Every structure is written in C-alpha cells, then in structure tokens.
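For reference, work_12.pdb (PDB, N, CA and C atoms):
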```pdb
MODEL        1
ATOM      1  N   MET A 279      -3.339  -3.977 -25.888
ATOM      2  CA  MET A 279      -3.041  -3.916 -24.472
ATOM      3  C   MET A 279      -1.556  -4.153 -24.208
ATOM      4  N   ASN A 280      -0.962  -5.057 -24.928
ATOM      5  CA  ASN A 280       0.437  -5.394 -24.666
ATOM      6  C   ASN A 280       1.382  -4.233 -24.924
ATOM      7  N   SER A 281       0.998  -3.291 -25.768
ATOM      8  CA  SER A 281       1.878  -2.165 -26.058
ATOM      9  C   SER A 281       1.851  -1.111 -24.956
ATOM     10  N   LEU A 282       0.850  -1.148 -24.106
ATOM     11  CA  LEU A 282       0.772  -0.205 -22.987
ATOM     12  C   LEU A 282       1.759  -0.597 -21.904
ATOM     13  N   LYS A 283       2.352   0.379 -21.286
ATOM     14  CA  LYS A 283       3.301   0.111 -20.200
ATOM     15  C   LYS A 283       2.545   0.063 -18.877
ATOM     16  N   VAL A 284       1.747  -0.979 -18.735
ATOM     17  CA  VAL A 284       0.939  -1.170 -17.544
ATOM     18  C   VAL A 284       1.394  -2.437 -16.855
ATOM     19  N   ARG A 285       1.581  -2.366 -15.565
ATOM     20  CA  ARG A 285       1.981  -3.546 -14.803
ATOM     21  C   ARG A 285       0.751  -4.116 -14.120
ATOM     22  N   PHE A 286       0.454  -5.363 -14.408
ATOM     23  CA  PHE A 286      -0.670  -6.037 -13.766
ATOM     24  C   PHE A 286      -0.149  -6.873 -12.603
ATOM     25  N   LEU A 287      -0.781  -6.700 -11.466
ATOM     26  CA  LEU A 287      -0.387  -7.450 -10.276
ATOM     27  C   LEU A 287      -1.412  -8.537 -10.019
ATOM     28  N   GLY A 288      -0.941  -9.742  -9.903
ATOM     29  CA  GLY A 288      -1.837 -10.834  -9.573
ATOM     30  C   GLY A 288      -2.242 -10.761  -8.115
ATOM     31  N   ASP A 289      -3.367 -11.316  -7.798
ATOM     32  CA  ASP A 289      -3.847 -11.303  -6.428
ATOM     33  C   ASP A 289      -2.845 -11.931  -5.467
ATOM     34  N   LYS A 290      -2.174 -12.978  -5.904
ATOM     35  CA  LYS A 290      -1.226 -13.665  -5.022
ATOM     36  C   LYS A 290      -0.044 -12.775  -4.670
ATOM     37  N   VAL A 291       0.445 -12.017  -5.635
ATOM     38  CA  VAL A 291       1.569 -11.114  -5.374
ATOM     39  C   VAL A 291       1.164 -10.066  -4.342
ATOM     40  N   LEU A 292       0.009  -9.466  -4.556
ATOM     41  CA  LEU A 292      -0.476  -8.446  -3.629
ATOM     42  C   LEU A 292      -0.727  -9.038  -2.247
ATOM     43  N   GLN A 293      -1.336 -10.190  -2.182
ATOM     44  CA  GLN A 293      -1.619 -10.819  -0.888
ATOM     45  C   GLN A 293      -0.343 -11.168  -0.139
ATOM     46  N   GLN A 294       0.646 -11.687  -0.836
ATOM     47  CA  GLN A 294       1.915 -12.021  -0.178
ATOM     48  C   GLN A 294       2.576 -10.769   0.394
ATOM     49  N   GLN A 295       2.589  -9.712  -0.393
ATOM     50  CA  GLN A 295       3.185  -8.463   0.068
ATOM     51  C   GLN A 295       2.390  -7.885   1.236
ATOM     52  N   ALA A 296       1.076  -7.976   1.165
ATOM     53  CA  ALA A 296       0.225  -7.456   2.242
ATOM     54  C   ALA A 296       0.479  -8.202   3.546
ATOM     55  N   TRP A 297       0.625  -9.515   3.479
ATOM     56  CA  TRP A 297       0.920 -10.280   4.691
ATOM     57  C   TRP A 297       2.275  -9.886   5.273
ATOM     58  N   LYS A 298       3.253  -9.628   4.413
ATOM     59  CA  LYS A 298       4.563  -9.189   4.894
ATOM     60  C   LYS A 298       4.453  -7.856   5.614
ATOM     61  N   VAL A 299       3.674  -6.948   5.051
ATOM     62  CA  VAL A 299       3.464  -5.639   5.681
ATOM     63  C   VAL A 299       2.763  -5.813   7.025
ATOM     64  N   ALA A 300       1.697  -6.592   7.038
ATOM     65  CA  ALA A 300       0.937  -6.811   8.271
ATOM     66  C   ALA A 300       1.806  -7.443   9.359
ATOM     67  N   GLU A 301       2.597  -8.415   8.987
ATOM     68  CA  GLU A 301       3.478  -9.065   9.961
ATOM     69  C   GLU A 301       4.519  -8.092  10.490
ATOM     70  N   LYS A 302       5.096  -7.303   9.599
ATOM     71  CA  LYS A 302       6.125  -6.341   9.985
ATOM     72  C   LYS A 302       5.579  -5.306  10.962
ATOM     73  N   LEU A 303       4.314  -4.917  10.773
ATOM     74  CA  LEU A 303       3.708  -3.893  11.615
ATOM     75  C   LEU A 303       2.891  -4.457  12.769
ATOM     76  N   GLY A 304       2.821  -5.781  12.858
ATOM     77  CA  GLY A 304       2.096  -6.411  13.962
ATOM     78  C   GLY A 304       0.583  -6.318  13.828
ATOM     79  N   TRP A 305       0.100  -6.216  12.602
ATOM     80  CA  TRP A 305      -1.336  -6.141  12.358
ATOM     81  C   TRP A 305      -1.906  -7.539  12.218
ATOM     82  N   GLU A 306      -3.125  -7.748  12.731
ATOM     83  CA  GLU A 306      -3.768  -9.059  12.671
ATOM     84  C   GLU A 306      -4.443  -9.336  11.332
ATOM     85  N   THR A 307      -4.757  -8.286  10.584
ATOM     86  CA  THR A 307      -5.410  -8.453   9.289
ATOM     87  C   THR A 307      -4.610  -7.723   8.210
ATOM     88  N   THR A 308      -4.979  -7.978   6.978
ATOM     89  CA  THR A 308      -4.277  -7.327   5.869
ATOM     90  C   THR A 308      -5.087  -6.201   5.243
ATOM     91  N   TYR A 309      -6.187  -5.806   5.864
ATOM     92  CA  TYR A 309      -7.039  -4.793   5.241
ATOM     93  C   TYR A 309      -6.241  -3.539   4.861
ATOM     94  N   ALA A 310      -5.662  -2.854   5.814
ATOM     95  CA  ALA A 310      -4.876  -1.647   5.523
ATOM     96  C   ALA A 310      -3.568  -2.014   4.832
ATOM     97  N   ALA A 311      -3.041  -3.163   5.171
ATOM     98  CA  ALA A 311      -1.772  -3.604   4.591
ATOM     99  C   ALA A 311      -1.871  -3.795   3.083
ATOM    100  N   GLU A 312      -3.050  -4.123   2.583
ATOM    101  CA  GLU A 312      -3.206  -4.288   1.132
ATOM    102  C   GLU A 312      -3.034  -2.960   0.407
ATOM    103  N   PHE A 313      -3.516  -1.875   1.000
ATOM    104  CA  PHE A 313      -3.324  -0.556   0.401
ATOM    105  C   PHE A 313      -1.846  -0.167   0.432
ATOM    106  N   VAL A 314      -1.184  -0.467   1.529
ATOM    107  CA  VAL A 314       0.240  -0.171   1.661
ATOM    108  C   VAL A 314       1.046  -1.018   0.685
ATOM    109  N   ALA A 315       0.710  -2.290   0.600
ATOM    110  CA  ALA A 315       1.410  -3.199  -0.315
ATOM    111  C   ALA A 315       1.241  -2.749  -1.763
ATOM    112  N   LEU A 316       0.041  -2.372  -2.128
ATOM    113  CA  LEU A 316      -0.199  -1.902  -3.486
ATOM    114  C   LEU A 316       0.608  -0.637  -3.771
ATOM    115  N   THR A 317       0.651   0.261  -2.799
ATOM    116  CA  THR A 317       1.454   1.477  -2.941
ATOM    117  C   THR A 317       2.917   1.135  -3.169
ATOM    118  N   ALA A 318       3.443   0.206  -2.392
ATOM    119  CA  ALA A 318       4.847  -0.191  -2.529
ATOM    120  C   ALA A 318       5.103  -0.867  -3.873
ATOM    121  N   LEU A 319       4.220  -1.767  -4.265
ATOM    122  CA  LEU A 319       4.399  -2.493  -5.519
ATOM    123  C   LEU A 319       4.313  -1.571  -6.734
ATOM    124  N   GLN A 320       3.542  -0.517  -6.627
ATOM    125  CA  GLN A 320       3.401   0.428  -7.724
ATOM    126  C   GLN A 320       4.401   1.581  -7.621
ATOM    127  N   ALA A 321       5.249   1.561  -6.584
ATOM    128  CA  ALA A 321       6.222   2.641  -6.355
ATOM    129  C   ALA A 321       5.520   3.988  -6.351
ATOM    130  N   ASP A 322       4.464   4.069  -5.548
ATOM    131  CA  ASP A 322       3.631   5.255  -5.504
ATOM    132  C   ASP A 322       3.708   5.902  -4.125
ATOM    133  N   VAL A 323       2.876   6.885  -3.882
ATOM    134  CA  VAL A 323       2.809   7.578  -2.598
ATOM    135  C   VAL A 323       1.492   7.197  -1.933
ATOM    136  N   PHE A 324       1.555   6.889  -0.644
ATOM    137  CA  PHE A 324       0.383   6.500   0.133
ATOM    138  C   PHE A 324      -0.283   7.763   0.667
ATOM    139  N   VAL A 325      -1.536   7.991   0.279
ATOM    140  CA  VAL A 325      -2.270   9.180   0.696
ATOM    141  C   VAL A 325      -3.301   8.781   1.739
ATOM    142  N   THR A 326      -3.235   9.436   2.903
ATOM    143  CA  THR A 326      -4.186   9.150   3.967
ATOM    144  C   THR A 326      -4.351  10.363   4.866
ATOM    145  N   SER A 327      -5.524  10.503   5.440
ATOM    146  CA  SER A 327      -5.751  11.558   6.425
ATOM    147  C   SER A 327      -5.561  11.018   7.841
ATOM    148  N   ASP A 328      -5.307   9.729   7.956
ATOM    149  CA  ASP A 328      -5.092   9.066   9.248
ATOM    150  C   ASP A 328      -3.619   9.207   9.642
ATOM    151  N   ARG A 329      -3.332  10.129  10.540
ATOM    152  CA  ARG A 329      -1.944  10.403  10.936
ATOM    153  C   ARG A 329      -1.275   9.202  11.598
ATOM    154  N   LYS A 330      -2.038   8.464  12.373
ATOM    155  CA  LYS A 330      -1.488   7.280  13.041
ATOM    156  C   LYS A 330      -1.059   6.229  12.008
ATOM    157  N   LEU A 331      -1.894   6.018  11.011
ATOM    158  CA  LEU A 331      -1.579   5.067   9.952
ATOM    159  C   LEU A 331      -0.374   5.548   9.146
ATOM    160  N   ALA A 332      -0.356   6.825   8.814
ATOM    161  CA  ALA A 332       0.769   7.384   8.047
ATOM    162  C   ALA A 332       2.082   7.200   8.794
ATOM    163  N   LYS A 333       2.057   7.424  10.089
ATOM    164  CA  LYS A 333       3.272   7.251  10.893
ATOM    165  C   LYS A 333       3.702   5.789  10.920
ATOM    166  N   ALA A 334       2.735   4.884  11.040
ATOM    167  CA  ALA A 334       3.035   3.451  11.111
ATOM    168  C   ALA A 334       3.697   2.937   9.838
ATOM    169  N   VAL A 335       3.277   3.452   8.690
ATOM    170  CA  VAL A 335       3.778   2.930   7.418
ATOM    171  C   VAL A 335       4.886   3.788   6.809
ATOM    172  N   SER A 336       5.275   4.850   7.481
ATOM    173  CA  SER A 336       6.240   5.791   6.908
ATOM    174  C   SER A 336       7.593   5.160   6.589
ATOM    175  N   GLY A 337       7.960   4.101   7.265
ATOM    176  CA  GLY A 337       9.212   3.427   6.968
ATOM    177  C   GLY A 337       9.120   2.467   5.787
ATOM    178  N   LEU A 338       7.902   2.226   5.332
ATOM    179  CA  LEU A 338       7.682   1.275   4.240
ATOM    180  C   LEU A 338       7.395   1.947   2.905
ATOM    181  N   VAL A 339       6.649   3.038   2.954
ATOM    182  CA  VAL A 339       6.277   3.771   1.740
ATOM    183  C   VAL A 339       6.306   5.262   2.040
ATOM    184  N   GLU A 340       6.421   6.045   0.986
ATOM    185  CA  GLU A 340       6.321   7.489   1.139
ATOM    186  C   GLU A 340       4.857   7.826   1.407
ATOM    187  N   THR A 341       4.616   8.752   2.317
ATOM    188  CA  THR A 341       3.244   9.118   2.663
ATOM    189  C   THR A 341       3.011  10.610   2.466
ATOM    190  N   THR A 342       1.743  10.959   2.285
ATOM    191  CA  THR A 342       1.325  12.351   2.236
ATOM    192  C   THR A 342      -0.140  12.423   2.648
ATOM    193  N   THR A 343      -0.617  13.628   2.858
ATOM    194  CA  THR A 343      -2.026  13.822   3.223
ATOM    195  C   THR A 343      -2.797  14.292   2.000
ATOM    196  N   SER A 344      -4.111  14.131   2.058
ATOM    197  CA  SER A 344      -4.935  14.618   0.958
ATOM    198  C   SER A 344      -4.868  16.134   0.876
ATOM    199  N   ASP A 345      -4.667  16.808   2.013
ATOM    200  CA  ASP A 345      -4.512  18.259   2.015
ATOM    201  C   ASP A 345      -3.296  18.698   1.200
ATOM    202  N   ALA A 346      -2.241  17.913   1.252
ATOM    203  CA  ALA A 346      -1.015  18.237   0.519
ATOM    204  C   ALA A 346      -1.213  18.144  -0.996
ATOM    205  N   LEU A 347      -2.253  17.438  -1.406
ATOM    206  CA  LEU A 347      -2.552  17.321  -2.823
ATOM    207  C   LEU A 347      -3.295  18.531  -3.366
ATOM    208  N   GLY A 348      -3.720  19.396  -2.452
ATOM    209  CA  GLY A 348      -4.403  20.616  -2.870
ATOM    210  C   GLY A 348      -5.882  20.455  -3.099
ATOM    211  N   ASN A 349      -6.472  19.412  -2.539
ATOM    212  CA  ASN A 349      -7.924  19.189  -2.693
ATOM    213  C   ASN A 349      -8.676  19.758  -1.542
TER     214      ASN A 349
ENDMDL
END
```

Encoding of this model in structure tokens:
Amino acid sequence: MNSLKVRFLGDKVLQQQAWKVAEKLGWETTYAAEFVALTALQADVFVTSDRKLAKAVSGLVETTTSDALGN
C-alpha cells in the first residue's frame, strides 16, 4: 500500500475543510460542503446537475455537469 501514490484524508481534515466551505457559503450544514471539500482536497472537478449548487461553489472548485462527461 505504501508504494501507491494514494492520499488518505482523515475525517478531521475533511470535516474542518467542509466547515470552512459551509461558513464561506453561509450554509447551516456540511452535507453538500463535504462533497465540495473533498473535491478541493483531491484537486478534482465537482460534477453536479444542480446548476444552483454549481454556481454557488464555482469560486471554490472547478465545476462541470454530468452531461459534459458524455454520459
């Protein structure tokens, strides 16, 4: 396992980042913020069909739609 280039995120790291996202966006819970936080921590792209959510998080992570993935 150690030879694989895999980054493991502890729950505390993800939770801290999720709370920062939720606070920044004025959200009362971290439910959606956890997905955004994970996307940011993994330097990935956030995929959602929810246009309102995509617009809200566009300043924090790169976003795209599932349609753009060709599915």

**Pairwise distance for atom N of Val314 in chain A and atom C of Leu347 in chain A, rounded to one decimal in Å** = 19.7 Å

**Item:** Best match for closeness to Thr342 in chain A among A:Ala318, A:Leu303, A:Val323, A:Ala311, counting all atoms listed in the file
**Value:**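 Of A:Ala318, A:Leu303, A:Val323, A:Ala311, the one nearest Thr342 in chain A is A:Val323, counting all atoms listed in the file.
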
**Picked residues, the PyMOL selection byres ((chain A and resi 295-300) around 8), expected as number ranges by chain** = A: 289-294, 301-316

**Request:** Take the PyMOL selection byres (((chain A and resi 324 and name CA) around 7) and name CA), apply it to the structure above, and return the hits as a PyMOL selection string.
**Result:** chain A and resi 314+317+322-323+325-326+339-342

Restrict the selected residues to N, CA and C atoms and save them as a PDB file, in the frame of the given file.
```pdb
ATOM      1  N   VAL A 314      -1.184  -0.467   1.529  1.00  0.00           N
ATOM      2  CA  VAL A 314       0.240  -0.171   1.661  1.00  0.00           C
ATOM      3  C   VAL A 314       1.046  -1.018   0.685  1.00  0.00           C
ATOM      4  N   THR A 317       0.651   0.261  -2.799  1.00  0.00           N
ATOM      5  CA  THR A 317       1.454   1.477  -2.941  1.00  0.00           C
ATOM      6  C   THR A 317       2.917   1.135  -3.169  1.00  0.00           C
ATOM      7  N   ASP A 322       4.464   4.069  -5.548  1.00  0.00           N
ATOM      8  CA  ASP A 322       3.631   5.255  -5.504  1.00  0.00           C
ATOM      9  C   ASP A 322       3.708   5.902  -4.125  1.00  0.00           C
ATOM     10  N   VAL A 323       2.876   6.885  -3.882  1.00  0.00           N
ATOM     11  CA  VAL A 323       2.809   7.578  -2.598  1.00  0.00           C
ATOM     12  C   VAL A 323       1.492   7.197  -1.933  1.00  0.00           C
ATOM     13  N   VAL A 325      -1.536   7.991   0.279  1.00  0.00           N
ATOM     14  CA  VAL A 325      -2.270   9.180   0.696  1.00  0.00           C
ATOM     15  C   VAL A 325      -3.301   8.781   1.739  1.00  0.00           C
ATOM     16  N   THR A 326      -3.235   9.436   2.903  1.00  0.00           N
ATOM     17  CA  THR A 326      -4.186   9.150   3.967  1.00  0.00           C
ATOM     18  C   THR A 326      -4.351  10.363   4.866  1.00  0.00           C
ATOM     19  N   VAL A 339       6.649   3.038   2.954  1.00  0.00           N
ATOM     20  CA  VAL A 339       6.277   3.771   1.740  1.00  0.00           C
ATOM     21  C   VAL A 339       6.306   5.262   2.040  1.00  0.00           C
ATOM     22  N   GLU A 340       6.421   6.045   0.986  1.00  0.00           N
ATOM     23  CA  GLU A 340       6.321   7.489   1.139  1.00  0.00           C
ATOM     24  C   GLU A 340       4.857   7.826   1.407  1.00  0.00           C
ATOM     25  N   THR A 341       4.616   8.752   2.317  1.00  0.00           N
ATOM     26  CA  THR A 341       3.244   9.118   2.663  1.00  0.00           C
ATOM     27  C   THR A 341       3.011  10.610   2.466  1.00  0.00           C
ATOM     28  N   THR A 342       1.743  10.959   2.285  1.00  0.00           N
ATOM     29  CA  THR A 342       1.325  12.351   2.236  1.00  0.00           C
ATOM     30  C   THR A 342      -0.140  12.423   2.648  1.00  0.00           C
TER      31      THR A 342
END
```

**Test item, strand (DSSP E or B) assignment across chain A, answer as a PyMOL selection string** = chain A and resi 323-325+340-342

Could those residues be written to a file, using N, CA and C atoms, as a PDB file, in the coordinates of the input?
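Result file is result.pdb:
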```pdb
ATOM      1  N   VAL A 323       2.876   6.885  -3.882  1.00  0.00           N
ATOM      2  CA  VAL A 323       2.809   7.578  -2.598  1.00  0.00           C
ATOM      3  C   VAL A 323       1.492   7.197  -1.933  1.00  0.00           C
ATOM      4  N   PHE A 324       1.555   6.889  -0.644  1.00  0.00           N
ATOM      5  CA  PHE A 324       0.383   6.500   0.133  1.00  0.00           C
ATOM      6  C   PHE A 324      -0.283   7.763   0.667  1.00  0.00           C
ATOM      7  N   VAL A 325      -1.536   7.991   0.279  1.00  0.00           N
ATOM      8  CA  VAL A 325      -2.270   9.180   0.696  1.00  0.00           C
ATOM      9  C   VAL A 325      -3.301   8.781   1.739  1.00  0.00           C
ATOM     10  N   GLU A 340       6.421   6.045   0.986  1.00  0.00           N
ATOM     11  CA  GLU A 340       6.321   7.489   1.139  1.00  0.00           C
ATOM     12  C   GLU A 340       4.857   7.826   1.407  1.00  0.00           C
ATOM     13  N   THR A 341       4.616   8.752   2.317  1.00  0.00           N
ATOM     14  CA  THR A 341       3.244   9.118   2.663  1.00  0.00           C
ATOM     15  C   THR A 341       3.011  10.610   2.466  1.00  0.00           C
ATOM     16  N   THR A 342       1.743  10.959   2.285  1.00  0.00           N
ATOM     17  CA  THR A 342       1.325  12.351   2.236  1.00  0.00           C
ATOM     18  C   THR A 342      -0.140  12.423   2.648  1.00  0.00           C
TER      19      THR A 342
END
```

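One distance worth recording is that between atom N of Thr343 in chain A and CA of Asp328 in chain A, which is 9.0 Å.
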
**Asked** Quick one, how far is CA of Gly348 in chain A from atom N of Ser327 in chain A?
**Response** 13.1 Å
